[in-house]
Amino acid sequence: IKESPIIPDVTPAVTRGVPIAIDWDPINEVSCSVDEYEESRPTPRSQVELRMPATHRNDLLRRLGFSHRDILESVKEANLARNRRVRTMETMQLEPAQAAFERMTRAALNATLRRGKKAEEKKLLHDFAAGKIEKAKEDQDLESVDTYPSSDFLSAEPCSQSLSQNSEEQGENSQPRESTKTKRKKIPNSVKKKMKQQQREQRQMMRALK
């Protein structure tokens with residue numbers, strides 16, 4: 001069981017007077033078992049008994065050695081914090097109007113004082129989007145090249161044609177050799193997803209530029 005000293009606080013937890021709290025550094029420490037604590041502990045106090053009037057808190061701090069100036073400074077900080085909280089609660093209803101006013105102010109500054117800077121930003125975004133679009137087109141071209149028939153099949157076509165011509169000249173009744181089927185490489189799903197993602201990024205960039 002650790003015993004901590006009582007000090008003046010600045011949190012607006014009271015309606016008037018100086019708030020109090022306990023310090024981080026304990027001044028006394030006692031060790032005992034749970035059974036001993038349950039036997040010796042006093043009866044718990046009710047919420048009404050836990051309330052301290054402003055005069056009682058003031059006298060308690062004066063008996064602990066705090067000066068009148070320390071108490072007044074804590075009261076002042078607590079009142080300022082309480083007023084800020086009340087002001088925040090009152091201005092929460094005006095948040096949409098404040099956001100609209102900030103958007104209008106930002107738009108006016110972008111159209112007048114920051115016009116050159118915004119034009120430079122748009123140019124950089126346009127160049128970046130154009131580079132992304134060009135890169136996506138190059139990737140698409142490379143993927144389309146992979147879907148063409150393989151070189152083995154292209155090199156096998158003249159051989160099959162020469163064999164069919166020889167068989168016709170000799171007048172053989174044997175059945176012609178089956179031509180190899182065109183094999184097209186399928187685009188992997190990972191590549192398809194990457195292409196779709198690039199297309200989405202391109203559309204978003206074009207919308208941002210507009």
# chains A, B, ... in the order shown; residues from 1 in each chain; ligands from 1
$ residues_around --residues "segment 57-69 of chain A" --least-positions-apart "5" --cutoff "12 Å" --atoms "only C-alpha atoms" --output "PyMOL selection string"
chain A and resi 5-9+14+16-22+50-52+74-76
$ write_last_selection --atoms "all heavy atoms" --output "tab-separated table (two decimals), in the first residue's frame"
chain	number	residue	atom	x	y	z
A	5	PRO	N	1.29	12.07	-1.40
A	5	PRO	CA	0.89	13.37	-0.85
A	5	PRO	C	-0.19	14.05	-1.69
A	5	PRO	O	-0.34	13.78	-2.88
A	5	PRO	CB	2.20	14.17	-0.88
A	5	PRO	CG	2.97	13.56	-2.01
A	5	PRO	CD	2.62	12.10	-2.01
A	6	ILE	N	-0.93	14.93	-1.06
A	6	ILE	CA	-1.99	15.69	-1.73
A	6	ILE	C	-1.39	17.01	-2.22
A	6	ILE	O	-0.68	17.70	-1.48
A	6	ILE	CB	-3.16	15.94	-0.78
A	6	ILE	CG1	-3.79	14.62	-0.35
A	6	ILE	CG2	-4.23	16.82	-1.45
A	6	ILE	CD1	-4.89	14.76	0.68
A	7	ILE	N	-1.69	17.36	-3.47
A	7	ILE	CA	-1.16	18.58	-4.08
A	7	ILE	C	-2.30	19.32	-4.79
A	7	ILE	O	-3.32	18.70	-5.14
A	7	ILE	CB	-0.04	18.27	-5.09
A	7	ILE	CG1	-0.55	17.32	-6.19
A	7	ILE	CG2	1.18	17.68	-4.38
A	7	ILE	CD1	0.44	17.08	-7.31
A	8	PRO	N	-2.19	20.63	-5.02
A	8	PRO	CA	-3.21	21.34	-5.82
A	8	PRO	C	-3.13	20.94	-7.29
A	8	PRO	O	-2.04	20.73	-7.84
A	8	PRO	CB	-2.85	22.82	-5.61
A	8	PRO	CG	-1.42	22.82	-5.21
A	8	PRO	CD	-1.18	21.54	-4.47
A	9	ASP	N	-4.28	20.84	-7.93
A	9	ASP	CA	-4.36	20.39	-9.32
A	9	ASP	C	-4.91	21.52	-10.19
A	9	ASP	O	-5.38	22.55	-9.68
A	9	ASP	CB	-5.27	19.15	-9.41
A	9	ASP	CG	-5.04	18.38	-10.69
A	9	ASP	OD1	-4.05	18.67	-11.39
A	9	ASP	OD2	-5.86	17.49	-11.01
A	14	VAL	N	-13.92	20.48	-10.55
A	14	VAL	CA	-14.80	21.04	-9.53
A	14	VAL	C	-15.50	22.26	-10.09
A	14	VAL	O	-15.05	22.88	-11.06
A	14	VAL	CB	-13.97	21.42	-8.28
A	14	VAL	CG1	-13.36	20.18	-7.64
A	14	VAL	CG2	-12.87	22.40	-8.63
A	16	ARG	N	-16.15	25.08	-8.33
A	16	ARG	CA	-15.47	26.28	-7.83
A	16	ARG	C	-14.41	25.86	-6.84
A	16	ARG	O	-14.40	24.75	-6.33
A	16	ARG	CB	-16.47	27.25	-7.19
A	16	ARG	CG	-17.16	26.72	-5.96
A	16	ARG	CD	-18.24	27.67	-5.47
A	16	ARG	NE	-18.86	27.19	-4.24
A	16	ARG	CZ	-18.42	27.49	-3.02
A	16	ARG	NH1	-17.35	28.26	-2.87
A	16	ARG	NH2	-19.04	27.03	-1.95
A	17	GLY	N	-13.51	26.80	-6.59
A	17	GLY	CA	-12.43	26.51	-5.66
A	17	GLY	C	-11.26	25.82	-6.34
A	17	GLY	O	-11.19	25.71	-7.57
A	18	VAL	N	-10.32	25.37	-5.51
A	18	VAL	CA	-9.11	24.74	-6.00
A	18	VAL	C	-9.31	23.22	-6.07
A	18	VAL	O	-9.78	22.61	-5.12
A	18	VAL	CB	-7.91	25.09	-5.10
A	18	VAL	CG1	-8.15	24.69	-3.65
A	18	VAL	CG2	-6.63	24.44	-5.63
A	19	PRO	N	-8.99	22.60	-7.20
A	19	PRO	CA	-9.04	21.13	-7.26
A	19	PRO	C	-7.78	20.53	-6.63
A	19	PRO	O	-6.72	21.18	-6.59
A	19	PRO	CB	-9.11	20.84	-8.76
A	19	PRO	CG	-8.50	22.02	-9.41
A	19	PRO	CD	-8.73	23.19	-8.52
A	20	ILE	N	-7.89	19.31	-6.13
A	20	ILE	CA	-6.75	18.63	-5.51
A	20	ILE	C	-6.52	17.30	-6.20
A	20	ILE	O	-7.40	16.75	-6.85
A	20	ILE	CB	-6.98	18.42	-3.99
A	20	ILE	CG1	-8.23	17.56	-3.76
A	20	ILE	CG2	-7.05	19.74	-3.25
A	20	ILE	CD1	-8.45	17.20	-2.30
A	21	ALA	N	-5.29	16.79	-6.06
A	21	ALA	CA	-4.91	15.51	-6.64
A	21	ALA	C	-3.79	14.92	-5.79
A	21	ALA	O	-3.35	15.54	-4.80
A	21	ALA	CB	-4.46	15.68	-8.10
A	22	ILE	N	-3.31	13.73	-6.16
A	22	ILE	CA	-2.20	13.10	-5.44
A	22	ILE	C	-0.96	13.15	-6.31
A	22	ILE	O	-1.05	13.11	-7.55
A	22	ILE	CB	-2.54	11.64	-5.05
A	22	ILE	CG1	-2.87	10.81	-6.28
A	22	ILE	CG2	-3.68	11.61	-4.06
A	22	ILE	CD1	-3.08	9.33	-5.98
A	50	LEU	N	-17.54	11.48	0.13
A	50	LEU	CA	-16.32	11.74	-0.63
A	50	LEU	C	-16.26	13.17	-1.16
A	50	LEU	O	-15.17	13.63	-1.54
A	50	LEU	CB	-16.21	10.75	-1.80
A	50	LEU	CG	-15.90	9.30	-1.43
A	50	LEU	CD1	-15.99	8.41	-2.67
A	50	LEU	CD2	-14.52	9.18	-0.80
A	51	ARG	N	-17.36	13.87	-1.22
A	51	ARG	CA	-17.36	15.24	-1.71
A	51	ARG	C	-16.71	16.16	-0.69
A	51	ARG	O	-16.96	16.07	0.52
A	51	ARG	CB	-18.79	15.70	-1.99
A	51	ARG	CG	-19.45	14.96	-3.14
A	51	ARG	CD	-20.88	15.42	-3.32
A	51	ARG	NE	-21.54	14.70	-4.40
A	51	ARG	CZ	-22.84	14.82	-4.70
A	51	ARG	NH1	-23.60	15.66	-4.00
A	51	ARG	NH2	-23.36	14.12	-5.69
A	52	MET	N	-15.88	17.09	-1.24
A	52	MET	CA	-15.20	18.06	-0.39
A	52	MET	C	-15.61	19.47	-0.81
A	52	MET	O	-15.44	19.83	-1.99
A	52	MET	CB	-13.68	17.94	-0.52
A	52	MET	CG	-13.10	16.67	0.06
A	52	MET	SD	-11.28	16.71	-0.02
A	52	MET	CE	-10.91	15.08	0.60
A	74	SER	N	-3.45	27.71	-8.99
A	74	SER	CA	-4.17	26.50	-9.38
A	74	SER	C	-5.62	26.80	-9.73
A	74	SER	O	-6.16	26.26	-10.70
A	74	SER	CB	-4.11	25.46	-8.25
A	74	SER	OG	-2.77	25.09	-7.99
A	75	VAL	N	-6.26	27.69	-8.95
A	75	VAL	CA	-7.64	28.09	-9.24
A	75	VAL	C	-7.72	28.78	-10.59
A	75	VAL	O	-8.64	28.54	-11.39
A	75	VAL	CB	-8.19	28.98	-8.11
A	75	VAL	CG1	-9.54	29.55	-8.49
A	75	VAL	CG2	-8.31	28.19	-6.82
A	76	LYS	N	-6.74	29.66	-10.90
A	76	LYS	CA	-6.74	30.37	-12.17
A	76	LYS	C	-6.58	29.41	-13.34
A	76	LYS	O	-7.30	29.51	-14.35
A	76	LYS	CB	-5.60	31.39	-12.17
A	76	LYS	CG	-5.53	32.24	-13.42
A	76	LYS	CD	-4.40	33.24	-13.33
A	76	LYS	CE	-4.31	34.08	-14.60
A	76	LYS	NZ	-3.20	35.07	-14.52
$ atom_distance --atom1 "atom CA of Leu80 of chain A" --atom2 "atom CA of Met92 of chain A"
18.5 Å
$ residues_around --residues "Ser31 of chain A" --least-positions-apart "6" --cutoff "12 Å" --atoms "only C-alpha atoms" --output "PyMOL selection string"
chain A and resi 1-3+37
$ atom_distance --atom1 "atom CA of Ser46 of chain A" --atom2 "atom CA of Ser4 of chain A"
21.6 Å
$ residues_around --residues "Phe128 of chain A" --least-positions-apart "5" --cutoff "12 Å" --atoms "only C-alpha atoms" --output "PyMOL selection string"
chain A and resi 121-123+133-135+201-202+205-206+208-209
